[in-house]
Amino acid sequence: MSVDRSVTFTGIHFENPFLLSSAPPTESESNITRAFEAGWGGVVTKTIGLHPVVNVYGAKAKFMRTSPEDANVSMKKRPGAALHSSWNWELISDKTLEWWAPRIRRIKEAFPNKVLIASIMAGSGNDKELKHWQELAETAQGEGAEGLELNFSCPHMDRRDMGSNIGKDQGLCSVVTEAVKEVAKVPVWCKLTPATADIVVEAAACFRGGADAIVSSNTFPSIPLIDPETLEFEINVDGLVSSGGLGGPAILPLALAKMAQLTKAFPDRSFSGIGGLSDFNQAASYFLLGCGTVQVCTAAMLDQAVGPNVIKRLLSGLDKFIEEHAKDGWKSVEDFRGIRRDRIVLQSEIRRPDSSEYFSGYETVEGYAAPQPEAVVRV
Ligand SMILES: Cc1cc2nc3c(=O)[nH]c(=O)nc-3n(C[C@H](O)[C@H](O)[C@H](O)COP(=O)(O)O)c2cc1C
């Protein structure tokens with residue numbers, strides 16, 4: 001039985017379900033070209049705004065690593081340490097819409113079978129700002145973008161009507177989505193912030209506004225560690241730091257929890273999963289929870305900037321996974337998408353041990369002190 005890697009997501013045909021997310025890997029024409037040549041099924045451009053932005057002085061992103069002997073987490077490079085996370089305070093693209101427009105067209109002409117989604121962002125405080133969203137949407141789709149991803153999730157915008165501040169306000173989520181849908185001829189995805197109490201509320205608001213899909217997660221709000229020797233933040237400008245975003249392996253279970261909430265609340269809707277992905281084993285969790293596509297950032301940044309080895313691993317992992325399940329009749333992602341969504345239930349629905357196995361919470365498990373013999377009471 002042959003493997004069919006293709007998926008149809010929000011009506012768009014993808015040759016495979018693996019996308020580079022909106023971030024440095026998709027910030028330029030040359031990067032996107034290299035990404036498509038490497039095998040990615042699609043890309044979401046670095047977020048495009050109407051006005052030029054200026055980033056902080058110095059590094060916009062760094063990586064935290066952890067060492068096996070002491071579990072220390074630090075941005076300092078040291079031998080034998082494994083990747084823990086990325087940390088960034090990078091703003092949206094510092095290139096204008098005029099810069100992006102001809103490049104979107106050229107990329108699409110060169111790669112007609114690959115999918116280019118334009119990530120866009122504007123303010124939302126008044127009608128003029130909503131018109132900015134529409135201008136961005138119309139230009140991007142006019143140049144050939146097959147879809148629009150609305151950035152409701154950038155964690156480091158000071159303005160109350162931008163980025164994750166939109167994603168924290170269900171009213172703004174609906175209003176902006178609706179404004180874009182008024183002019184959109186292509187599917188509209190909303191990328192939500194994970195920094196709210198119940199992401200289902202904001203997702204419902206996006207769907208009310210007409211969203212075709214929800215994308216989650218962007219990075220989680222975080223600050224770098226303070227170096228105990230220098231007493232300075234590991235990344236700072238003139239000793240100062242502001243809240244930034246955490247990505248990479250550290251956020252994988254957190255992002256999966258957000259996604260599980262979403263796919264359980266809206267089993268018939270479309271979701272694109274992001275967070276801590278670097279090979280197929282992790283992507284499988286997102287698909288099994290119900291995602292139709294997945295996106296990658298941190299792992300690709302660390303693999304020649306666009307992830308040629310990451311996409312190779314994702315594709316071969318998908319092929320192997322489906323081949324191993326050929327006996328179950330699986331041929332494509334659609335055959336196993338969402339089949340573990342129903343395994344997440346309320347705590348009260350989880351089985352308790354029989355009385356013969358019950359140690360009143362005194363059994364020895366990893367991470368707990370050994371029980372004191374006199375305290376072990378069998379019930
Ligand atoms: C340096 C950097 C810049 C990013 N810029 C954007 C952006 O412009 N727009 C956006 O929607 N997400 C942006 N992201 C978030 C990523 O697209 C992604 O959602 C996040 O990093 C989690 O995925 P990961 O665990 O694979 O890194 C950025 C992430 C990083 C590390």
# chains A, B, ... in the order shown; residues from 1 in each chain; ligands from 1
call {"tool": "closest_atom_pairs", "arguments": {"of": "segment 2-26 of chain A", "to": "segment 41-55 of chain A", "cutoff": "6 Å", "atoms": "only C-alpha atoms", "output": "JSON lines"}}
result
{"residue": "A:Phe14", "atom": "CA", "partner": "A:Gly41", "partner_atom": "CA", "distance": 5.7}
{"residue": "A:Glu15", "atom": "CA", "partner": "A:Gly41", "partner_atom": "CA", "distance": 5.4}
{"residue": "A:Asn16", "atom": "CA", "partner": "A:Gly41", "partner_atom": "CA", "distance": 4.8}
{"residue": "A:Phe18", "atom": "CA", "partner": "A:Gly41", "partner_atom": "CA", "distance": 5.5}
{"residue": "A:Leu19", "atom": "CA", "partner": "A:Gly42", "partner_atom": "CA", "distance": 4.6}
{"residue": "A:Leu20", "atom": "CA", "partner": "A:Val43", "partner_atom": "CA", "distance": 4.7}
{"residue": "A:Ser21", "atom": "CA", "partner": "A:Val44", "partner_atom": "CA", "distance": 5.2}
{"residue": "A:Ser22", "atom": "CA", "partner": "A:Lys46", "partner_atom": "CA", "distance": 4.3}
{"residue": "A:Ala23", "atom": "CA", "partner": "A:Lys46", "partner_atom": "CA", "distance": 4.8}
{"residue": "A:Thr26", "atom": "CA", "partner": "A:Thr45", "partner_atom": "CA", "distance": 5.1}
call {"tool": "residues_around", "arguments": {"residues": "Leu288 of chain A", "least_positions_apart": "4", "cutoff": "7 Å", "atoms": "only C-alpha atoms", "output": "PyMOL selection string"}}
result
chain A and resi 284+336-341
call {"tool": "write_last_selection", "arguments": {"atoms": "N, CA, C and O atoms", "output": "compact mmCIF listing (two decimals), in the first residue's frame"}}
result
# COMPACT_ATOMS: atom_id res chain seq x y z
N ALA A 284 3.13 13.46 15.43
CA ALA A 284 2.06 12.47 15.54
C ALA A 284 1.08 12.85 16.64
O ALA A 284 -0.14 12.69 16.48
N PHE A 336 -5.76 8.70 10.55
CA PHE A 336 -5.52 8.64 12.00
C PHE A 336 -5.71 9.99 12.69
O PHE A 336 -5.59 10.13 13.90
N ARG A 337 -6.09 10.99 11.94
CA ARG A 337 -6.26 12.33 12.52
C ARG A 337 -7.38 12.30 13.55
O ARG A 337 -8.49 11.87 13.27
N GLY A 338 -7.04 12.74 14.77
CA GLY A 338 -8.07 12.90 15.81
C GLY A 338 -8.45 11.65 16.57
O GLY A 338 -9.30 11.72 17.45
N ILE A 339 -7.78 10.51 16.29
CA ILE A 339 -8.26 9.27 16.94
C ILE A 339 -7.90 9.17 18.43
O ILE A 339 -8.35 8.25 19.09
N ARG A 340 -7.09 10.08 18.95
CA ARG A 340 -6.83 10.08 20.40
C ARG A 340 -7.44 11.28 21.11
O ARG A 340 -7.21 11.50 22.29
N ARG A 341 -8.22 12.06 20.40
CA ARG A 341 -8.85 13.25 20.99
C ARG A 341 -9.75 12.87 22.18
O ARG A 341 -9.77 13.56 23.19
call {"tool": "residues_around", "arguments": {"residues": "segment 211-220 of chain A", "least_positions_apart": "3", "cutoff": "7 Å", "atoms": "only C-alpha atoms", "output": "PDB file with N, CA and C atoms, in the first residue's frame"}}
result
ATOM      1  N   THR A  10      -8.383  23.321   5.135  1.00  0.00           N
ATOM      2  CA  THR A  10      -9.198  24.520   4.837  1.00  0.00           C
ATOM      3  C   THR A  10      -9.347  24.713   3.320  1.00  0.00           C
ATOM      4  N   SER A 153      -1.181  36.870  18.229  1.00  0.00           N
ATOM      5  CA  SER A 153      -0.426  36.098  19.221  1.00  0.00           C
ATOM      6  C   SER A 153       0.982  36.595  19.519  1.00  0.00           C
ATOM      7  N   THR A 177     -11.304  39.303  12.685  1.00  0.00           N
ATOM      8  CA  THR A 177     -11.530  38.185  11.760  1.00  0.00           C
ATOM      9  C   THR A 177     -12.625  38.549  10.753  1.00  0.00           C
ATOM     10  N   PRO A 187      -8.734  31.185   2.327  1.00  0.00           N
ATOM     11  CA  PRO A 187      -9.003  30.817   3.720  1.00  0.00           C
ATOM     12  C   PRO A 187      -8.260  31.706   4.721  1.00  0.00           C
ATOM     13  N   VAL A 188      -8.910  31.929   5.848  1.00  0.00           N
ATOM     14  CA  VAL A 188      -8.347  32.791   6.901  1.00  0.00           C
ATOM     15  C   VAL A 188      -8.102  31.954   8.154  1.00  0.00           C
ATOM     16  N   TRP A 189      -6.833  31.895   8.582  1.00  0.00           N
ATOM     17  CA  TRP A 189      -6.473  31.173   9.805  1.00  0.00           C
ATOM     18  C   TRP A 189      -6.170  32.221  10.886  1.00  0.00           C
ATOM     19  N   CYS A 190      -6.540  31.945  12.128  1.00  0.00           N
ATOM     20  CA  CYS A 190      -6.220  32.863  13.233  1.00  0.00           C
ATOM     21  C   CYS A 190      -5.204  32.184  14.144  1.00  0.00           C
ATOM     22  N   LYS A 191      -4.053  32.838  14.351  1.00  0.00           N
ATOM     23  CA  LYS A 191      -3.023  32.267  15.234  1.00  0.00           C
ATOM     24  C   LYS A 191      -3.169  32.908  16.610  1.00  0.00           C
ATOM     25  N   LEU A 192      -3.586  32.081  17.576  1.00  0.00           N
ATOM     26  CA  LEU A 192      -3.934  32.586  18.908  1.00  0.00           C
ATOM     27  C   LEU A 192      -2.771  32.515  19.885  1.00  0.00           C
ATOM     28  N   THR A 193      -2.815  33.407  20.871  1.00  0.00           N
ATOM     29  CA  THR A 193      -1.829  33.336  21.949  1.00  0.00           C
ATOM     30  C   THR A 193      -2.217  32.217  22.918  1.00  0.00           C
ATOM     31  N   PRO A 194      -1.215  31.505  23.467  1.00  0.00           N
ATOM     32  CA  PRO A 194      -1.547  30.512  24.500  1.00  0.00           C
ATOM     33  C   PRO A 194      -1.718  31.163  25.871  1.00  0.00           C
ATOM     34  N   ALA A 195      -1.514  32.508  25.958  1.00  0.00           N
ATOM     35  CA  ALA A 195      -1.480  33.163  27.272  1.00  0.00           C
ATOM     36  C   ALA A 195      -2.851  33.642  27.736  1.00  0.00           C
ATOM     37  N   ALA A 203     -10.998  31.110  20.572  1.00  0.00           N
ATOM     38  CA  ALA A 203     -11.203  30.357  19.322  1.00  0.00           C
ATOM     39  C   ALA A 203     -12.665  30.468  18.879  1.00  0.00           C
ATOM     40  N   CYS A 206     -13.172  33.727  17.211  1.00  0.00           N
ATOM     41  CA  CYS A 206     -12.619  33.745  15.838  1.00  0.00           C
ATOM     42  C   CYS A 206     -13.579  33.023  14.893  1.00  0.00           C
ATOM     43  N   PHE A 207     -14.087  31.880  15.324  1.00  0.00           N
ATOM     44  CA  PHE A 207     -15.027  31.145  14.461  1.00  0.00           C
ATOM     45  C   PHE A 207     -16.287  31.978  14.211  1.00  0.00           C
ATOM     46  N   GLY A 245       9.187  35.557  24.217  1.00  0.00           N
ATOM     47  CA  GLY A 245       8.441  34.333  23.940  1.00  0.00           C
ATOM     48  C   GLY A 245       9.309  33.087  23.993  1.00  0.00           C
ATOM     49  N   LEU A 246       8.786  32.044  24.627  1.00  0.00           N
ATOM     50  CA  LEU A 246       9.484  30.765  24.741  1.00  0.00           C
ATOM     51  C   LEU A 246       8.951  29.787  23.707  1.00  0.00           C
ATOM     52  N   GLY A 247       9.871  29.154  22.950  1.00  0.00           N
ATOM     53  CA  GLY A 247       9.480  28.129  21.977  1.00  0.00           C
ATOM     54  C   GLY A 247      10.373  26.913  22.141  1.00  0.00           C
ATOM     55  N   ALA A 255       1.881  23.272  24.634  1.00  0.00           N
ATOM     56  CA  ALA A 255       1.160  23.552  23.383  1.00  0.00           C
ATOM     57  C   ALA A 255       0.170  22.427  23.066  1.00  0.00           C
ATOM     58  N   MET A 259      -3.832  22.629  22.399  1.00  0.00           N
ATOM     59  CA  MET A 259      -4.434  22.038  21.201  1.00  0.00           C
ATOM     60  C   MET A 259      -5.528  21.039  21.589  1.00  0.00           C
ATOM     61  N   ARG A 269     -13.772  21.303  13.380  1.00  0.00           N
ATOM     62  CA  ARG A 269     -13.069  22.456  12.819  1.00  0.00           C
ATOM     63  C   ARG A 269     -11.623  22.097  12.474  1.00  0.00           C
ATOM     64  N   SER A 270     -10.944  23.041  11.801  1.00  0.00           N
ATOM     65  CA  SER A 270      -9.564  22.794  11.351  1.00  0.00           C
ATOM     66  C   SER A 270      -8.548  23.462  12.277  1.00  0.00           C
ATOM     67  N   PHE A 271      -7.470  22.716  12.566  1.00  0.00           N
ATOM     68  CA  PHE A 271      -6.430  23.223  13.463  1.00  0.00           C
ATOM     69  C   PHE A 271      -5.041  22.923  12.911  1.00  0.00           C
ATOM     70  N   SER A 272      -4.152  23.912  13.035  1.00  0.00           N
ATOM     71  CA  SER A 272      -2.749  23.718  12.675  1.00  0.00           C
ATOM     72  C   SER A 272      -1.937  23.799  13.963  1.00  0.00           C
ATOM     73  N   GLY A 273      -1.150  22.761  14.246  1.00  0.00           N
ATOM     74  CA  GLY A 273      -0.440  22.672  15.527  1.00  0.00           C
ATOM     75  C   GLY A 273       0.995  23.159  15.428  1.00  0.00           C
ATOM     76  N   ILE A 274       1.406  23.914  16.435  1.00  0.00           N
ATOM     77  CA  ILE A 274       2.805  24.384  16.506  1.00  0.00           C
ATOM     78  C   ILE A 274       3.293  24.283  17.941  1.00  0.00           C
ATOM     79  N   GLY A 275       4.586  24.009  18.108  1.00  0.00           N
ATOM     80  CA  GLY A 275       5.187  24.071  19.425  1.00  0.00           C
ATOM     81  C   GLY A 275       6.055  22.862  19.712  1.00  0.00           C
TER      82      GLY A 275
END
call {"tool": "residues_around", "arguments": {"residues": "Asn165 of chain A", "least_positions_apart": "2", "cutoff": "12 Å", "atoms": "only C-alpha atoms", "output": "PyMOL selection string"}}
result
chain A and resi 121-125+151-163+167-173+192-196+202
call {"tool": "select_by_dssp", "arguments": {"residues": "segment 110-245 of chain A", "states": "strand (DSSP E)", "output": "VMD selection string"}}
result
chain A and resid 115 to 120 147 to 152 188 to 192 213 to 216 220 to 222 244 to 245
call {"tool": "atom_distance", "arguments": {"atom1": "atom CA of Glu349 of chain A", "atom2": "atom CA of Tyr286 of chain A"}}
result
22.9 Å
call {"tool": "closest_residue", "arguments": {"among": "A:Leu252, A:Pro68, A:Val175, A:Gly307", "to": "Asn126 of chain A", "atoms": "only C-alpha atoms"}}
result
A:Val175
call {"tool": "residues_around", "arguments": {"residues": "Phe36 of chain A", "least_positions_apart": "2", "cutoff": "10 Å", "atoms": "only C-alpha atoms", "output": "PyMOL selection string"}}
result
chain A and resi 19-20+31-34+38-43+107+110-111+113-116+306+308
call {"tool": "closest_residue", "arguments": {"among": "A:Pro353, A:Pro17, A:Gly248, A:Gly329", "to": "ligand 1", "atoms": "only C-alpha atoms and all ligand atoms"}}
result
A:Gly248
call {"tool": "residues_around", "arguments": {"residues": "Ala300 of chain A", "least_positions_apart": "2", "cutoff": "10 Å", "atoms": "only C-alpha atoms", "output": "PyMOL selection string"}}
result
chain A and resi 20-21+23-25+35+277-278+296-298+302-311
call {"tool": "write_last_selection", "arguments": {"atoms": "N, CA and C atoms", "output": "JSON list (two decimals), in the first residue's frame"}}
result
[["chain", "number", "residue", "atom", "x", "y", "z"],
["A", 20, "LEU", "N", 6.69, 25.47, 7.53],
["A", 20, "LEU", "CA", 7.51, 26.34, 8.37],
["A", 20, "LEU", "C", 6.60, 27.43, 8.91],
["A", 21, "SER", "N", 6.70, 27.71, 10.22],
["A", 21, "SER", "CA", 5.81, 28.72, 10.80],
["A", 21, "SER", "C", 6.37, 30.12, 10.55],
["A", 23, "ALA", "N", 8.22, 33.11, 11.11],
["A", 23, "ALA", "CA", 9.39, 33.32, 11.98],
["A", 23, "ALA", "C", 10.63, 33.53, 11.09],
["A", 24, "PRO", "N", 11.84, 33.60, 11.67],
["A", 24, "PRO", "CA", 13.03, 33.83, 10.84],
["A", 24, "PRO", "C", 13.19, 32.87, 9.65],
["A", 25, "PRO", "N", 12.82, 31.57, 9.76],
["A", 25, "PRO", "CA", 12.98, 30.70, 8.58],
["A", 25, "PRO", "C", 12.19, 31.18, 7.36],
["A", 35, "ALA", "N", 13.52, 26.59, 1.54],
["A", 35, "ALA", "CA", 12.59, 25.73, 2.30],
["A", 35, "ALA", "C", 11.78, 24.86, 1.35],
["A", 277, "LEU", "N", 8.13, 21.07, 17.95],
["A", 277, "LEU", "CA", 8.24, 19.94, 17.00],
["A", 277, "LEU", "C", 9.61, 19.88, 16.35],
["A", 278, "SER", "N", 10.21, 18.69, 16.32],
["A", 278, "SER", "CA", 11.42, 18.54, 15.51],
["A", 278, "SER", "C", 11.46, 17.21, 14.78],
["A", 296, "VAL", "N", 6.62, 24.36, 12.16],
["A", 296, "VAL", "CA", 7.89, 24.25, 12.90],
["A", 296, "VAL", "C", 8.66, 25.58, 12.82],
["A", 297, "CYS", "N", 9.25, 25.97, 13.96],
["A", 297, "CYS", "CA", 10.11, 27.16, 13.95],
["A", 297, "CYS", "C", 11.49, 26.87, 14.54],
["A", 298, "THR", "N", 11.56, 26.68, 15.89],
["A", 298, "THR", "CA", 12.86, 26.57, 16.57],
["A", 298, "THR", "C", 13.77, 25.50, 15.97],
["A", 302, "LEU", "N", 17.63, 26.02, 13.98],
["A", 302, "LEU", "CA", 18.89, 25.39, 14.38],
["A", 302, "LEU", "C", 19.42, 24.41, 13.34],
["A", 303, "ASP", "N", 18.70, 24.24, 12.24],
["A", 303, "ASP", "CA", 19.10, 23.31, 11.19],
["A", 303, "ASP", "C", 19.24, 24.10, 9.88],
["A", 304, "GLN", "N", 20.36, 24.73, 9.73],
["A", 304, "GLN", "CA", 20.66, 25.52, 8.52],
["A", 304, "GLN", "C", 19.57, 26.54, 8.22],
["A", 305, "ALA", "N", 18.97, 27.09, 9.22],
["A", 305, "ALA", "CA", 18.01, 28.21, 9.16],
["A", 305, "ALA", "C", 16.65, 27.87, 8.56],
["A", 306, "VAL", "N", 16.54, 26.81, 7.76],
["A", 306, "VAL", "CA", 15.23, 26.47, 7.20],
["A", 306, "VAL", "C", 14.86, 24.99, 7.39],
["A", 307, "GLY", "N", 15.71, 24.24, 8.10],
["A", 307, "GLY", "CA", 15.33, 22.88, 8.49],
["A", 307, "GLY", "C", 15.35, 21.80, 7.42],
["A", 308, "PRO", "N", 16.37, 21.73, 6.55],
["A", 308, "PRO", "CA", 16.37, 20.66, 5.54],
["A", 308, "PRO", "C", 16.39, 19.26, 6.15],
["A", 309, "ASN", "N", 17.08, 19.09, 7.27],
["A", 309, "ASN", "CA", 17.09, 17.75, 7.90],
["A", 309, "ASN", "C", 15.82, 17.50, 8.69],
["A", 310, "VAL", "N", 15.26, 18.57, 9.23],
["A", 310, "VAL", "CA", 14.01, 18.40, 9.99],
["A", 310, "VAL", "C", 12.91, 17.91, 9.06],
["A", 311, "ILE", "N", 12.78, 18.53, 7.88],
["A", 311, "ILE", "CA", 11.70, 18.11, 6.98],
["A", 311, "ILE", "C", 11.95, 16.69, 6.47]]
